[in-house]
Amino acid sequence: MTMAAAIESRNAAAPAWSASSRIAAVDIFTDLDQAETVWRSLELQDHLSTPYQRFDFLRPWQRMVGARAGLQPLVVVAYDGDRVPLLLLPLVLRQAWGIRIAHFMGGKHATFNMALWNRDFAAVVSRADLDAVFAVIRERVSVDVLAFDQQPLTWQDLPNPMGLLRHQPSVNDCPMMTIAPGMPATVRVNHSMRQRLKTKERKLQALPGYRYHVAAGDADIKRLLDAFFRIKPLRMAEQNLPHVFAEPGVEDFIRDACMTPLPGGGRVIEIHALDSDGEVIAVFAGVADGTRFSMMFNTYTVSAISRYSPGLILVRHIVDHYAERGYRSLDLGVGSDGYKKLFCKANEPIFDCFIPLGPRGSVAAIAMSASSRTKRLVKTSPALLGLAHWLRRAFR
């Protein structure tokens with residue numbers, strides 16, 4: 001069987017596990033193109049998933065980043081008795097320490113990981129339904145453990161069904177802002193901060209052609225990305241951080257997703273910018289789905305005008321932009337960076353779960369769970385985090 005083939009579901013002689021589950025059939029695809037039709041059909045339904053699970057986000061990621069890292073697609077689709085798709089797991093396979101691990105596509109570029117759920121099914125799914133899907137994966141694919149990390153506990157006011165599994169808090173928290181309908185601007189961003197930022201922005205407004213805008217045309221998107229990929233390495237070097245955007249395929253993936261239009265308007269990744277005739281001042285980009293905006297990457301100028309806090313000014317514009325369009329929440333990505341807490345006062349609960357599919361997987365799941373807990377302990381302890389940063393700088 002070639003990698004492009006789908007592992008067919010068994011409709012006749014349904015296995016015993018279907019008696020206690022709503023799942024009647026399961027397909028496993030090892031080629032994204034063969035999964036495209038059913039994937040897009042779920043996106044068109046009243047479905048439950050984050051923008052990071054869009055086909056147009058994950059296909060370029062897999063082709064340009066995942067494939068170069070040796071990751072093999074594993075797309076699992078479960079159906080009811082009428083062949084209506086109920087859920088889709090967008091996974092990849094990798095091997096480490098002799099263990100075969102399946103985890104979500106998107107890697108570090110997806111803030112949130114989820115299955116794509118038929119919304120009605122997500123509201124009634126049971127542990128037996130999940131176990132039915134995992135049983136098929138265990139029967140048909142050589143996988144030792146399912147590593148489902150960085151999942152939101154709820155999305156669009158519905159619980160994430162994976163929360164039925166044994167789980168633990170993720171390594172990092174994700175600061176978020178809840179936007180209530182009709183919320184005054186001074187509640188979203190308090191009056192004192194607004195005044196400080198307006199004072200600083202007056203300095204920028206003196207620049208010829210100064211403006212805030214959302215990139216629309218291809219030429220504008222390319223210009224802003226060219227600036228981002230020129231400035232970001234300088235900013236990362238200042239902080240003694242690795243240049244993650246130089247990893248194989250990452251720039252190609254980002255450019256592809258920023259250029260790809262969505263059916264309802266906008267792009268798969270939306271770019272917001274502070275601009276002038278002389279230079280690109282700040283760039284923040286992320287994904288949006290009509291109710292939530294989630295930040296992916298950002299940078300700001302290395303010129304002297306950086307002292308006027310252009311990054312914070314741009315975040316304030318972004319908050320107001322989405323609030324005025326009826327969005328209900330906004331996040332600035334995982335991590336405890338100080339600027340995020342200036343705007344996002346709460347944390348999005350996100351969790352990990354590790355599901356063993358065999359004896360070796362049981363050992364791996366325990367080790368992965370312990371590693372994740374240890375990393376979280378370090379991240380949440382100022383003393384341990386400071387030591388970790390010192391060691392990182394020392395070894396570099």
# chains A, B, ... in the order shown; residues from 1 in each chain; ligands from 1
>>> select_by_dssp(residues="region 62-110 of chain A", states="strand (DSSP E)", output="count of residues only")
26
>>> closest_atom_pairs(of="region 324-351 of chain A", to="region 178-194 of chain A", cutoff="7 Å", atoms="only C-alpha atoms", output="CSV")
residue,atom,partner,partner_atom,distance
A:Gly326,CA,A:Pro181,CA,6.9
A:Tyr327,CA,A:Ile179,CA,6.9
A:Arg328,CA,A:Ile179,CA,4.5
A:Ser329,CA,A:Thr178,CA,4.4
A:Leu330,CA,A:Thr178,CA,6.7
A:Phe343,CA,A:Val189,CA,6.5
>>> select_by_dssp(residues="region 109-293 of chain A", states="alpha helix (DSSP H)", output="compact mmCIF listing (two decimals) with N, CA, C and O atoms, in the first residue's frame")
# COMPACT_ATOMS: atom_id res chain seq x y z
N ARG A 119 -20.42 19.74 15.26
CA ARG A 119 -20.79 20.43 16.49
C ARG A 119 -21.84 19.67 17.30
O ARG A 119 -21.76 19.58 18.53
N ASP A 120 -22.82 19.09 16.62
CA ASP A 120 -23.85 18.32 17.34
C ASP A 120 -23.24 17.11 18.02
O ASP A 120 -23.61 16.76 19.16
N PHE A 121 -22.31 16.45 17.34
CA PHE A 121 -21.66 15.28 17.93
C PHE A 121 -20.79 15.69 19.13
O PHE A 121 -20.76 15.00 20.15
N ALA A 122 -20.11 16.82 19.00
CA ALA A 122 -19.24 17.28 20.09
C ALA A 122 -20.02 17.51 21.38
O ALA A 122 -19.49 17.34 22.48
N ALA A 123 -21.30 17.87 21.24
CA ALA A 123 -22.12 18.15 22.41
C ALA A 123 -22.54 16.89 23.16
O ALA A 123 -22.91 16.95 24.33
N VAL A 124 -22.46 15.73 22.49
CA VAL A 124 -22.96 14.49 23.13
C VAL A 124 -21.91 13.38 23.16
O VAL A 124 -22.18 12.28 23.63
N ARG A 127 -16.89 8.99 26.30
CA ARG A 127 -15.57 8.36 26.35
C ARG A 127 -15.55 7.10 25.47
O ARG A 127 -14.53 6.78 24.85
N ALA A 128 -16.68 6.40 25.38
CA ALA A 128 -16.75 5.21 24.52
C ALA A 128 -16.52 5.57 23.06
O ALA A 128 -15.89 4.81 22.32
N ASP A 129 -17.03 6.73 22.63
CA ASP A 129 -16.80 7.17 21.25
C ASP A 129 -15.30 7.40 21.00
O ASP A 129 -14.76 6.99 19.97
N LEU A 130 -14.65 8.06 21.95
CA LEU A 130 -13.21 8.32 21.80
C LEU A 130 -12.42 7.01 21.80
O LEU A 130 -11.52 6.82 20.98
N ASP A 131 -12.77 6.12 22.72
CA ASP A 131 -12.07 4.84 22.79
C ASP A 131 -12.25 4.05 21.50
O ASP A 131 -11.34 3.32 21.06
N ALA A 132 -13.41 4.19 20.85
CA ALA A 132 -13.65 3.48 19.58
C ALA A 132 -12.68 3.95 18.51
O ALA A 132 -12.12 3.15 17.75
N VAL A 133 -12.47 5.26 18.44
CA VAL A 133 -11.53 5.80 17.46
C VAL A 133 -10.11 5.35 17.77
O VAL A 133 -9.36 4.92 16.88
N PHE A 134 -9.72 5.42 19.05
CA PHE A 134 -8.36 5.02 19.42
C PHE A 134 -8.13 3.54 19.15
O PHE A 134 -7.02 3.12 18.77
N ALA A 135 -9.18 2.72 19.31
CA ALA A 135 -9.04 1.28 19.04
C ALA A 135 -8.73 1.03 17.58
O ALA A 135 -7.92 0.15 17.24
N VAL A 136 -9.36 1.79 16.68
CA VAL A 136 -9.10 1.61 15.26
C VAL A 136 -7.67 2.02 14.93
O VAL A 136 -6.96 1.35 14.16
N ILE A 137 -7.21 3.13 15.51
CA ILE A 137 -5.83 3.56 15.26
C ILE A 137 -4.87 2.47 15.73
O ILE A 137 -3.91 2.12 15.02
N ARG A 138 -5.13 1.91 16.90
CA ARG A 138 -4.26 0.86 17.43
C ARG A 138 -4.26 -0.37 16.53
O ARG A 138 -3.21 -0.99 16.30
N GLU A 139 -5.42 -0.71 15.95
CA GLU A 139 -5.53 -1.91 15.12
C GLU A 139 -4.82 -1.74 13.77
O GLU A 139 -4.25 -2.69 13.23
N ARG A 140 -4.87 -0.54 13.20
CA ARG A 140 -4.48 -0.38 11.80
C ARG A 140 -3.15 0.34 11.57
O ARG A 140 -2.61 0.29 10.47
N ALA A 185 -14.61 50.81 25.27
CA ALA A 185 -13.19 50.73 24.88
C ALA A 185 -12.27 50.83 26.08
O ALA A 185 -11.23 50.19 26.14
N THR A 186 -12.67 51.62 27.09
CA THR A 186 -11.82 51.82 28.26
C THR A 186 -11.87 50.64 29.23
O THR A 186 -11.13 50.62 30.20
N VAL A 187 -12.76 49.70 28.99
CA VAL A 187 -12.75 48.45 29.76
C VAL A 187 -11.83 47.44 29.07
O VAL A 187 -11.07 46.71 29.71
N ARG A 188 -11.89 47.42 27.73
CA ARG A 188 -10.98 46.53 26.99
C ARG A 188 -9.52 46.90 27.27
O ARG A 188 -8.69 46.04 27.56
N HIS A 191 -8.32 53.29 30.67
CA HIS A 191 -8.17 54.69 30.27
C HIS A 191 -6.73 55.17 30.40
O HIS A 191 -6.19 55.85 29.51
N SER A 192 -6.08 54.79 31.49
CA SER A 192 -4.71 55.25 31.74
C SER A 192 -3.76 54.75 30.64
O SER A 192 -2.96 55.54 30.11
N MET A 193 -3.87 53.48 30.30
CA MET A 193 -3.00 52.94 29.26
C MET A 193 -3.32 53.57 27.90
O MET A 193 -2.42 53.89 27.12
N ARG A 194 -4.61 53.75 27.62
CA ARG A 194 -4.99 54.38 26.34
C ARG A 194 -4.36 55.77 26.21
O ARG A 194 -3.85 56.14 25.16
N GLN A 195 -4.39 56.52 27.29
CA GLN A 195 -3.83 57.87 27.25
C GLN A 195 -2.33 57.83 27.03
O GLN A 195 -1.78 58.62 26.25
N ARG A 196 -1.64 56.91 27.73
CA ARG A 196 -0.19 56.80 27.55
C ARG A 196 0.15 56.43 26.11
O ARG A 196 1.08 56.99 25.51
N LEU A 197 -0.60 55.47 25.56
CA LEU A 197 -0.31 55.03 24.20
C LEU A 197 -0.66 56.11 23.17
O LEU A 197 0.02 56.27 22.16
N LYS A 198 -1.73 56.86 23.42
CA LYS A 198 -2.08 57.95 22.51
C LYS A 198 -1.00 59.02 22.50
O LYS A 198 -0.68 59.60 21.46
N THR A 199 -0.44 59.29 23.68
CA THR A 199 0.65 60.27 23.77
C THR A 199 1.84 59.83 22.95
O THR A 199 2.45 60.61 22.21
N LYS A 200 2.18 58.54 23.06
CA LYS A 200 3.30 58.02 22.28
C LYS A 200 2.97 57.98 20.79
O LYS A 200 3.85 58.24 19.94
N GLU A 201 1.72 57.67 20.47
CA GLU A 201 1.36 57.56 19.06
C GLU A 201 1.42 58.91 18.36
O GLU A 201 1.63 58.97 17.14
N ARG A 202 1.24 59.99 19.10
CA ARG A 202 1.34 61.31 18.47
C ARG A 202 2.71 61.52 17.84
O ARG A 202 2.85 62.21 16.82
N LYS A 203 3.75 60.93 18.46
CA LYS A 203 5.09 61.03 17.88
C LYS A 203 5.14 60.29 16.54
O LYS A 203 5.78 60.76 15.59
N LEU A 204 4.46 59.15 16.47
CA LEU A 204 4.44 58.38 15.22
C LEU A 204 3.57 59.06 14.17
O LEU A 204 3.87 59.00 12.97
N GLN A 205 2.50 59.71 14.60
CA GLN A 205 1.59 60.35 13.66
C GLN A 205 2.26 61.51 12.91
O GLN A 205 1.76 61.95 11.87
N ASP A 218 -2.04 41.35 -2.41
CA ASP A 218 -0.86 40.49 -2.41
C ASP A 218 0.43 41.30 -2.28
O ASP A 218 1.36 40.90 -1.57
N ALA A 219 0.51 42.42 -3.01
CA ALA A 219 1.73 43.23 -2.98
C ALA A 219 1.99 43.78 -1.58
O ALA A 219 3.14 43.81 -1.10
N ASP A 220 0.92 44.22 -0.90
CA ASP A 220 1.05 44.75 0.45
C ASP A 220 1.50 43.65 1.42
O ASP A 220 2.36 43.86 2.28
N ILE A 221 0.90 42.47 1.29
CA ILE A 221 1.28 41.34 2.15
C ILE A 221 2.75 40.99 1.95
O ILE A 221 3.50 40.80 2.91
N LYS A 222 3.18 40.92 0.70
CA LYS A 222 4.59 40.59 0.42
C LYS A 222 5.53 41.64 1.01
O LYS A 222 6.56 41.31 1.61
N ARG A 223 5.17 42.91 0.87
CA ARG A 223 6.02 43.99 1.39
C ARG A 223 6.17 43.88 2.91
O ARG A 223 7.28 44.00 3.45
N LEU A 224 5.06 43.62 3.60
CA LEU A 224 5.11 43.52 5.06
C LEU A 224 5.87 42.28 5.51
O LEU A 224 6.62 42.31 6.49
N LEU A 225 5.70 41.17 4.79
CA LEU A 225 6.44 39.96 5.15
C LEU A 225 7.93 40.13 4.88
O LEU A 225 8.76 39.64 5.66
N ASP A 226 8.27 40.80 3.80
CA ASP A 226 9.68 41.08 3.53
C ASP A 226 10.30 41.85 4.70
O ASP A 226 11.42 41.56 5.14
N ALA A 227 9.55 42.83 5.22
CA ALA A 227 10.04 43.61 6.36
C ALA A 227 10.14 42.73 7.60
O ALA A 227 11.12 42.81 8.35
N PHE A 228 9.13 41.90 7.83
CA PHE A 228 9.14 41.02 9.00
C PHE A 228 10.37 40.11 8.99
O PHE A 228 11.08 40.00 9.99
N PHE A 229 10.63 39.45 7.86
CA PHE A 229 11.74 38.50 7.80
C PHE A 229 13.10 39.21 7.78
O PHE A 229 14.12 38.56 8.02
N ARG A 230 13.10 40.50 7.56
CA ARG A 230 14.34 41.27 7.66
C ARG A 230 14.59 41.72 9.11
O ARG A 230 15.71 41.68 9.60
N ILE A 231 13.51 42.11 9.81
CA ILE A 231 13.65 42.68 11.15
C ILE A 231 13.69 41.60 12.24
O ILE A 231 14.46 41.70 13.21
N LYS A 232 12.89 40.57 12.09
CA LYS A 232 12.73 39.60 13.18
C LYS A 232 14.06 38.96 13.60
O LYS A 232 14.30 38.82 14.82
N PRO A 233 14.93 38.55 12.68
CA PRO A 233 16.20 37.96 13.14
C PRO A 233 17.01 38.91 14.02
O PRO A 233 17.70 38.47 14.95
N LEU A 234 16.93 40.21 13.73
CA LEU A 234 17.65 41.18 14.54
C LEU A 234 17.08 41.25 15.95
O LEU A 234 17.82 41.30 16.94
N ARG A 235 15.76 41.23 16.04
CA ARG A 235 15.11 41.26 17.35
C ARG A 235 15.41 39.99 18.15
O ARG A 235 15.65 40.04 19.36
N MET A 236 15.42 38.84 17.50
CA MET A 236 15.68 37.59 18.19
C MET A 236 17.13 37.51 18.65
O MET A 236 17.43 37.00 19.73
N ALA A 237 18.04 38.05 17.84
CA ALA A 237 19.45 38.08 18.23
C ALA A 237 19.65 38.96 19.47
O ALA A 237 20.45 38.64 20.35
N GLU A 238 18.91 40.08 19.54
CA GLU A 238 18.99 40.96 20.72
C GLU A 238 18.64 40.21 22.00
O GLU A 238 19.21 40.46 23.06
N VAL A 250 9.82 27.10 7.05
CA VAL A 250 8.95 27.94 7.87
C VAL A 250 8.54 29.21 7.13
O VAL A 250 7.37 29.59 7.09
N GLU A 251 9.52 29.89 6.53
CA GLU A 251 9.18 31.13 5.81
C GLU A 251 8.24 30.84 4.64
O GLU A 251 7.27 31.58 4.42
N ASP A 252 8.48 29.76 3.92
CA ASP A 252 7.59 29.39 2.80
C ASP A 252 6.17 29.13 3.29
O ASP A 252 5.20 29.56 2.66
N PHE A 253 6.04 28.42 4.41
CA PHE A 253 4.72 28.14 4.98
C PHE A 253 4.00 29.43 5.35
O PHE A 253 2.82 29.63 5.01
N ILE A 254 4.69 30.33 6.04
CA ILE A 254 4.05 31.57 6.48
C ILE A 254 3.63 32.41 5.28
O ILE A 254 2.51 32.96 5.24
N ARG A 255 4.49 32.51 4.29
CA ARG A 255 4.13 33.30 3.11
C ARG A 255 2.93 32.69 2.39
O ARG A 255 2.03 33.41 1.94
N ASP A 256 2.88 31.37 2.30
CA ASP A 256 1.75 30.71 1.64
C ASP A 256 0.45 30.99 2.38
O ASP A 256 -0.56 31.37 1.78
N ALA A 257 0.47 30.81 3.71
CA ALA A 257 -0.76 30.99 4.49
C ALA A 257 -1.21 32.44 4.50
O ALA A 257 -2.42 32.73 4.51
N CYS A 258 -0.28 33.38 4.51
CA CYS A 258 -0.64 34.80 4.48
C CYS A 258 -1.25 35.21 3.14
O CYS A 258 -2.07 36.13 3.08
N MET A 259 -0.88 34.52 2.08
CA MET A 259 -1.39 34.85 0.75
C MET A 259 -2.70 34.15 0.43
O MET A 259 -3.45 34.59 -0.45
>>> closest_residue(among="A:Ala246, A:Val145, A:Leu44, A:Ser276", to="Ala367 (chain A)", atoms="only C-alpha atoms")
A:Val145
>>> closest_residue(among="A:Val363, A:Leu342, A:Leu86, A:Val334", to="Ser170 (chain A)", atoms="only C-alpha atoms")
A:Val334
>>> residues_around(residues="Ala102 (chain A)", least_positions_apart="2", cutoff="6 Å", atoms="only C-alpha atoms", output="PyMOL selection string")
chain A and resi 92-93+146
>>> closest_residue(among="A:Ala35, A:Leu74, A:Val26, A:Ala365", to="Val141 (chain A)", atoms="only C-alpha atoms")
A:Leu74
